[in-house]
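Structure data (compact mmCIF, N, CA and C atoms) from my_file.txt:
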# COMPACT_ATOMS: atom_id res chain seq x y z
N GLN A 1 10.43 -14.87 -23.74
CA GLN A 1 11.04 -14.03 -22.71
C GLN A 1 10.80 -12.57 -23.06
N VAL A 2 10.29 -11.82 -22.07
CA VAL A 2 9.99 -10.41 -22.29
C VAL A 2 11.27 -9.59 -22.22
N GLN A 3 11.42 -8.70 -23.17
CA GLN A 3 12.53 -7.75 -23.14
C GLN A 3 12.00 -6.35 -23.31
N LEU A 4 12.54 -5.44 -22.50
CA LEU A 4 12.18 -4.03 -22.56
C LEU A 4 13.46 -3.23 -22.76
N VAL A 5 13.47 -2.40 -23.79
CA VAL A 5 14.67 -1.62 -24.09
C VAL A 5 14.31 -0.14 -24.12
N GLU A 6 14.88 0.60 -23.18
CA GLU A 6 14.61 2.03 -23.08
C GLU A 6 15.64 2.83 -23.88
N SER A 7 15.24 4.02 -24.28
CA SER A 7 16.15 4.96 -24.92
C SER A 7 15.61 6.37 -24.71
N GLY A 8 16.47 7.36 -24.98
CA GLY A 8 16.03 8.74 -24.93
C GLY A 8 16.52 9.54 -23.75
N GLY A 9 17.21 8.91 -22.83
CA GLY A 9 17.73 9.67 -21.69
C GLY A 9 18.90 10.55 -22.09
N GLY A 10 19.32 11.40 -21.15
CA GLY A 10 20.45 12.27 -21.44
C GLY A 10 20.49 13.44 -20.48
N LEU A 11 21.32 14.41 -20.83
CA LEU A 11 21.50 15.61 -20.03
C LEU A 11 20.66 16.74 -20.64
N VAL A 12 19.90 17.41 -19.80
CA VAL A 12 19.06 18.50 -20.27
C VAL A 12 19.06 19.61 -19.22
N GLN A 13 18.89 20.84 -19.67
CA GLN A 13 18.86 21.97 -18.74
C GLN A 13 17.48 22.07 -18.08
N PRO A 14 17.43 22.66 -16.91
CA PRO A 14 16.11 22.90 -16.29
C PRO A 14 15.18 23.64 -17.23
N GLY A 15 13.92 23.19 -17.28
CA GLY A 15 12.96 23.77 -18.21
C GLY A 15 12.92 23.09 -19.56
N GLY A 16 13.85 22.21 -19.81
CA GLY A 16 13.92 21.52 -21.09
C GLY A 16 13.01 20.31 -21.15
N SER A 17 13.09 19.60 -22.27
CA SER A 17 12.23 18.44 -22.51
C SER A 17 13.05 17.25 -22.99
N LEU A 18 12.52 16.09 -22.71
CA LEU A 18 13.07 14.84 -23.23
C LEU A 18 11.91 13.89 -23.49
N ARG A 19 12.12 12.97 -24.41
CA ARG A 19 11.13 11.94 -24.69
C ARG A 19 11.79 10.58 -24.56
N LEU A 20 11.31 9.80 -23.62
CA LEU A 20 11.81 8.45 -23.44
C LEU A 20 10.95 7.47 -24.24
N SER A 21 11.61 6.43 -24.73
CA SER A 21 10.90 5.37 -25.45
C SER A 21 11.27 4.02 -24.84
N CYS A 22 10.35 3.09 -24.93
CA CYS A 22 10.61 1.73 -24.46
C CYS A 22 9.94 0.77 -25.43
N VAL A 23 10.74 -0.07 -26.04
CA VAL A 23 10.23 -1.06 -26.99
C VAL A 23 10.19 -2.42 -26.30
N ALA A 24 9.04 -3.07 -26.40
CA ALA A 24 8.85 -4.37 -25.78
C ALA A 24 8.85 -5.48 -26.81
N SER A 25 9.36 -6.63 -26.42
CA SER A 25 9.31 -7.81 -27.28
C SER A 25 9.02 -9.03 -26.42
N GLY A 26 8.50 -10.06 -27.08
CA GLY A 26 8.23 -11.30 -26.36
C GLY A 26 6.96 -11.28 -25.54
N VAL A 27 6.06 -10.35 -25.85
CA VAL A 27 4.84 -10.21 -25.06
C VAL A 27 3.74 -9.63 -25.92
N ILE A 28 2.48 -9.96 -25.57
CA ILE A 28 1.35 -9.30 -26.24
C ILE A 28 1.20 -7.95 -25.57
N PHE A 29 1.66 -6.91 -26.28
CA PHE A 29 1.83 -5.59 -25.68
C PHE A 29 0.50 -4.92 -25.40
N ARG A 30 -0.43 -5.02 -26.34
CA ARG A 30 -1.61 -4.17 -26.29
C ARG A 30 -2.47 -4.41 -25.05
N ASN A 31 -2.48 -5.61 -24.53
CA ASN A 31 -3.29 -5.86 -23.34
C ASN A 31 -2.46 -5.95 -22.07
N SER A 32 -1.27 -5.36 -22.11
CA SER A 32 -0.41 -5.28 -20.93
C SER A 32 -0.49 -3.89 -20.33
N ILE A 33 -0.36 -3.83 -19.02
CA ILE A 33 -0.19 -2.55 -18.34
C ILE A 33 1.28 -2.16 -18.48
N VAL A 34 1.53 -0.91 -18.81
CA VAL A 34 2.91 -0.43 -18.96
C VAL A 34 3.10 0.84 -18.16
N GLY A 35 4.33 1.10 -17.79
CA GLY A 35 4.58 2.29 -17.00
C GLY A 35 6.04 2.66 -16.96
N TRP A 36 6.27 3.81 -16.33
CA TRP A 36 7.62 4.31 -16.09
C TRP A 36 7.80 4.55 -14.60
N TYR A 37 8.92 4.09 -14.11
CA TYR A 37 9.33 4.34 -12.74
C TYR A 37 10.67 5.05 -12.78
N ARG A 38 11.06 5.64 -11.67
CA ARG A 38 12.38 6.26 -11.60
C ARG A 38 12.99 6.05 -10.22
N GLN A 39 14.31 6.10 -10.22
CA GLN A 39 15.04 5.96 -8.96
C GLN A 39 16.18 6.95 -8.95
N ALA A 40 16.09 7.89 -8.01
CA ALA A 40 17.15 8.87 -7.82
C ALA A 40 18.18 8.30 -6.84
N PRO A 41 19.38 8.86 -6.85
CA PRO A 41 20.42 8.36 -5.94
C PRO A 41 19.95 8.36 -4.49
N GLU A 42 20.15 7.24 -3.83
CA GLU A 42 19.83 7.07 -2.41
C GLU A 42 18.34 7.19 -2.12
N LYS A 43 17.52 6.99 -3.12
CA LYS A 43 16.07 7.01 -2.92
C LYS A 43 15.47 5.72 -3.46
N GLU A 44 14.25 5.43 -3.01
CA GLU A 44 13.56 4.24 -3.49
C GLU A 44 12.98 4.49 -4.88
N ARG A 45 12.79 3.40 -5.59
CA ARG A 45 12.17 3.50 -6.90
C ARG A 45 10.71 3.92 -6.72
N GLU A 46 10.25 4.83 -7.58
CA GLU A 46 8.89 5.34 -7.46
C GLU A 46 8.20 5.36 -8.81
N LEU A 47 6.88 5.23 -8.75
CA LEU A 47 6.07 5.29 -9.95
C LEU A 47 6.06 6.72 -10.50
N VAL A 48 6.25 6.84 -11.80
CA VAL A 48 6.13 8.13 -12.48
C VAL A 48 4.80 8.22 -13.22
N ALA A 49 4.54 7.21 -14.05
CA ALA A 49 3.31 7.21 -14.84
C ALA A 49 3.01 5.79 -15.28
N ARG A 50 1.71 5.53 -15.47
CA ARG A 50 1.31 4.18 -15.85
C ARG A 50 0.13 4.26 -16.80
N SER A 51 0.09 3.32 -17.74
CA SER A 51 -0.99 3.25 -18.72
C SER A 51 -1.64 1.88 -18.61
N SER A 52 -2.95 1.86 -18.49
CA SER A 52 -3.64 0.58 -18.38
C SER A 52 -3.57 -0.18 -19.71
N ASN A 53 -4.02 -1.43 -19.68
CA ASN A 53 -4.04 -2.20 -20.91
C ASN A 53 -4.85 -1.46 -21.97
N TYR A 54 -4.37 -1.53 -23.17
CA TYR A 54 -4.94 -0.84 -24.34
C TYR A 54 -4.86 0.68 -24.21
N GLY A 55 -4.35 1.18 -23.10
CA GLY A 55 -4.23 2.62 -22.93
C GLY A 55 -5.52 3.30 -22.52
N TYR A 56 -6.44 2.56 -21.93
CA TYR A 56 -7.74 3.15 -21.58
C TYR A 56 -7.60 4.26 -20.54
N THR A 57 -6.72 4.05 -19.55
CA THR A 57 -6.55 5.05 -18.51
C THR A 57 -5.07 5.25 -18.23
N THR A 58 -4.76 6.40 -17.66
CA THR A 58 -3.40 6.70 -17.25
C THR A 58 -3.42 7.29 -15.85
N ASN A 59 -2.33 7.14 -15.15
CA ASN A 59 -2.20 7.82 -13.86
C ASN A 59 -0.75 8.26 -13.69
N TYR A 60 -0.58 9.31 -12.88
CA TYR A 60 0.71 9.97 -12.73
C TYR A 60 1.02 10.25 -11.27
N ALA A 61 2.31 10.30 -10.98
CA ALA A 61 2.73 10.80 -9.68
C ALA A 61 2.38 12.28 -9.60
N ASP A 62 2.02 12.73 -8.41
CA ASP A 62 1.65 14.14 -8.25
C ASP A 62 2.78 15.07 -8.69
N SER A 63 4.00 14.64 -8.50
CA SER A 63 5.15 15.50 -8.78
C SER A 63 5.36 15.76 -10.28
N VAL A 64 4.72 14.95 -11.14
CA VAL A 64 4.93 15.12 -12.58
C VAL A 64 3.65 15.50 -13.32
N LYS A 65 2.54 15.54 -12.62
CA LYS A 65 1.27 15.88 -13.28
C LYS A 65 1.36 17.23 -13.96
N GLY A 66 0.88 17.29 -15.20
CA GLY A 66 0.91 18.53 -15.96
C GLY A 66 2.22 18.76 -16.70
N ARG A 67 3.23 17.96 -16.41
CA ARG A 67 4.53 18.11 -17.08
C ARG A 67 4.90 16.88 -17.90
N PHE A 68 4.53 15.70 -17.44
CA PHE A 68 4.88 14.45 -18.12
C PHE A 68 3.62 13.84 -18.74
N THR A 69 3.81 13.16 -19.86
CA THR A 69 2.71 12.47 -20.52
C THR A 69 3.17 11.09 -20.97
N ILE A 70 2.42 10.08 -20.55
CA ILE A 70 2.70 8.71 -21.01
C ILE A 70 1.78 8.39 -22.18
N SER A 71 2.32 7.74 -23.18
CA SER A 71 1.52 7.32 -24.32
C SER A 71 2.07 6.00 -24.84
N ARG A 72 1.29 5.35 -25.68
CA ARG A 72 1.72 4.05 -26.19
C ARG A 72 1.30 3.89 -27.64
N ASP A 73 2.12 3.16 -28.38
CA ASP A 73 1.80 2.79 -29.74
C ASP A 73 1.72 1.27 -29.76
N ASN A 74 0.52 0.75 -29.67
CA ASN A 74 0.36 -0.70 -29.55
C ASN A 74 0.80 -1.43 -30.81
N ALA A 75 0.75 -0.75 -31.95
CA ALA A 75 1.17 -1.39 -33.19
C ALA A 75 2.68 -1.58 -33.23
N LYS A 76 3.40 -0.73 -32.47
CA LYS A 76 4.86 -0.81 -32.47
C LYS A 76 5.42 -1.31 -31.14
N ASN A 77 4.53 -1.80 -30.27
CA ASN A 77 4.97 -2.33 -28.98
C ASN A 77 5.84 -1.34 -28.22
N THR A 78 5.45 -0.08 -28.25
CA THR A 78 6.28 0.98 -27.69
C THR A 78 5.49 1.87 -26.74
N VAL A 79 6.10 2.21 -25.62
CA VAL A 79 5.53 3.17 -24.69
C VAL A 79 6.50 4.35 -24.60
N PHE A 80 5.91 5.54 -24.50
CA PHE A 80 6.69 6.78 -24.48
C PHE A 80 6.44 7.52 -23.17
N LEU A 81 7.41 8.35 -22.81
CA LEU A 81 7.21 9.28 -21.72
C LEU A 81 7.74 10.64 -22.18
N GLN A 82 6.82 11.54 -22.46
CA GLN A 82 7.19 12.91 -22.83
C GLN A 82 7.35 13.71 -21.55
N MET A 83 8.51 14.27 -21.36
CA MET A 83 8.82 15.01 -20.14
C MET A 83 9.12 16.46 -20.50
N ASN A 84 8.29 17.36 -20.02
CA ASN A 84 8.45 18.79 -20.28
C ASN A 84 8.73 19.54 -18.99
N ASN A 85 9.26 20.73 -19.13
CA ASN A 85 9.56 21.58 -17.97
C ASN A 85 10.32 20.78 -16.90
N LEU A 86 11.38 20.14 -17.32
CA LEU A 86 12.14 19.28 -16.40
C LEU A 86 12.81 20.10 -15.31
N LYS A 87 12.88 19.48 -14.14
CA LYS A 87 13.46 20.11 -12.96
C LYS A 87 14.64 19.28 -12.46
N PRO A 88 15.57 19.89 -11.73
CA PRO A 88 16.70 19.11 -11.21
C PRO A 88 16.24 17.89 -10.40
N GLU A 89 15.12 18.01 -9.72
CA GLU A 89 14.64 16.88 -8.91
C GLU A 89 14.07 15.74 -9.75
N ASP A 90 13.99 15.93 -11.06
CA ASP A 90 13.59 14.84 -11.95
C ASP A 90 14.79 13.96 -12.32
N THR A 91 15.98 14.36 -11.92
CA THR A 91 17.18 13.57 -12.20
C THR A 91 17.07 12.19 -11.57
N ALA A 92 17.21 11.16 -12.39
CA ALA A 92 17.05 9.78 -11.92
C ALA A 92 17.31 8.82 -13.07
N VAL A 93 17.41 7.56 -12.72
CA VAL A 93 17.37 6.52 -13.74
C VAL A 93 15.90 6.15 -13.93
N TYR A 94 15.46 6.19 -15.16
CA TYR A 94 14.06 5.91 -15.49
C TYR A 94 13.95 4.49 -16.06
N TYR A 95 13.02 3.73 -15.49
CA TYR A 95 12.84 2.33 -15.86
C TYR A 95 11.47 2.12 -16.49
N CYS A 96 11.48 1.38 -17.55
CA CYS A 96 10.25 0.92 -18.18
C CYS A 96 9.77 -0.33 -17.45
N TRP A 97 8.45 -0.47 -17.31
CA TRP A 97 7.85 -1.60 -16.58
C TRP A 97 6.65 -2.10 -17.36
N LEU A 98 6.47 -3.40 -17.38
CA LEU A 98 5.35 -3.99 -18.11
C LEU A 98 4.78 -5.16 -17.32
N ALA A 99 3.46 -5.21 -17.26
CA ALA A 99 2.77 -6.30 -16.57
C ALA A 99 1.74 -6.90 -17.52
N PRO A 100 2.02 -8.10 -18.02
CA PRO A 100 1.04 -8.74 -18.89
C PRO A 100 -0.10 -9.33 -18.06
N PRO A 101 -1.25 -9.58 -18.66
CA PRO A 101 -2.34 -10.19 -17.90
C PRO A 101 -1.94 -11.60 -17.44
N ASN A 102 -2.17 -11.90 -16.21
CA ASN A 102 -1.88 -13.22 -15.66
C ASN A 102 -0.42 -13.63 -15.83
N GLY A 103 0.48 -12.64 -15.79
CA GLY A 103 1.89 -12.94 -15.96
C GLY A 103 2.76 -12.17 -14.99
N VAL A 104 4.04 -12.43 -15.07
CA VAL A 104 5.01 -11.77 -14.19
C VAL A 104 5.44 -10.45 -14.83
N SER A 105 5.56 -9.42 -14.03
CA SER A 105 5.99 -8.13 -14.57
C SER A 105 7.47 -8.15 -14.88
N SER A 106 7.87 -7.23 -15.77
CA SER A 106 9.26 -7.15 -16.22
C SER A 106 9.74 -5.72 -16.16
N TRP A 107 11.05 -5.57 -16.07
CA TRP A 107 11.69 -4.26 -16.01
C TRP A 107 12.73 -4.12 -17.11
N GLY A 108 12.87 -2.89 -17.62
CA GLY A 108 13.99 -2.59 -18.48
C GLY A 108 15.22 -2.31 -17.65
N LYS A 109 16.33 -2.05 -18.32
CA LYS A 109 17.59 -1.82 -17.61
C LYS A 109 17.74 -0.38 -17.17
N GLY A 110 16.91 0.50 -17.70
CA GLY A 110 16.92 1.88 -17.26
C GLY A 110 17.69 2.80 -18.18
N THR A 111 17.30 4.08 -18.15
CA THR A 111 18.00 5.11 -18.90
C THR A 111 18.14 6.33 -17.99
N LEU A 112 19.32 6.92 -17.98
CA LEU A 112 19.62 8.01 -17.05
C LEU A 112 19.16 9.35 -17.62
N VAL A 113 18.43 10.08 -16.79
CA VAL A 113 18.03 11.45 -17.10
C VAL A 113 18.68 12.37 -16.08
N THR A 114 19.43 13.34 -16.58
CA THR A 114 20.10 14.30 -15.71
C THR A 114 19.64 15.70 -16.09
N VAL A 115 19.08 16.40 -15.11
CA VAL A 115 18.60 17.76 -15.34
C VAL A 115 19.51 18.70 -14.56
N SER A 116 20.30 19.46 -15.31
CA SER A 116 21.29 20.32 -14.67
C SER A 116 21.71 21.43 -15.62
N SER A 117 22.04 22.57 -15.04
CA SER A 117 22.55 23.68 -15.84
C SER A 117 24.07 23.65 -15.88
Take the structure in this file and express it as structure tokens.
Amino acid sequence: QVQLVESGGGLVQPGGSLRLSCVASGVIFRNSIVGWYRQAPEKERELVARSSNYGYTTNYADSVKGRFTISRDNAKNTVFLQMNNLKPEDTAVYYCWLAPPNGVSSWGKGTLVTVSS
């Protein structure tokens, strides 16, 4: 059974930074696609960033390009999201997502990021 556990959320002022982490278990991590999604109040869940299997390629939502960076440590089954220059509109619950090859995708329970002065 795949488990994804996020950490690193919290309250930060506009312009600040946070680093989210997600540790995966029960899956061969290195050849899985991993990503971060977010859901703000009364909005649909949206893709923030995604890393292909082995980390060969990455893609980002236009709203976070140049500010957020997704990375992965395949040896530690961990994916990170470095978030810089945070804005109030980045406030949301951030979810880790993983899709193994030929398998069903999984979601973490989410971690809340609040950007406010």
What would the list of residues within 10 Å of (13.5, 1.9, -14.1) (file frame) look like as a list in words, if only C-alpha atoms are what count?
-> Glu6, Gly35, Trp36, Tyr37, Arg38, Gln39, Arg45, Glu46, Leu47, Val48, Ala92, Val93, Tyr94, Tyr95, Cys96, Trp97, Trp107, Gly108, Lys109, Gly110, Thr111 and Leu112 of chain A
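Residues with any atom within 7 Å of Val12 in chain A, counting only N, CA and C atoms and excluding same-chain neighbours fewer than 3 positions away, are Gly15, Gly16, Ser17, Val113, Thr114, Val115, Ser116 and Ser117 of chain A.
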Atom pair CA of Ile70 in chain A + CA of Glu44 in chain A, distance 21.1 Å
Which of range 47-90 of chain A DSSP labels strand (DSSP E), written as number ranges by chain = A: 47-51, 58-60, 68-73, 78-83
Residues within 7 Å of (16.8, 8.1, -24.5), file coords, only C-alpha atoms, listed as a list in words | Glu6, Ser7, Gly8, Gly9, Gly10, Arg19, Leu20, Ser21 and Thr111 of chain A
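Between Pro41 in chain A and the candidates A:Leu11, A:Thr91, A:Arg67, A:Ser25, the tightest atom-to-atom separation, counting all atoms listed in the file, involves A:Thr91.
With only C-alpha atoms as the basis for measurement, A:Ile28 is the residue among A:Lys65, A:Arg72, A:Ser51, A:Ile28 that approaches Gln1 in chain A most closely.
Here atom N of Pro101 in chain A and atom N of Ser52 in chain A stand 11.6 Å from one another.
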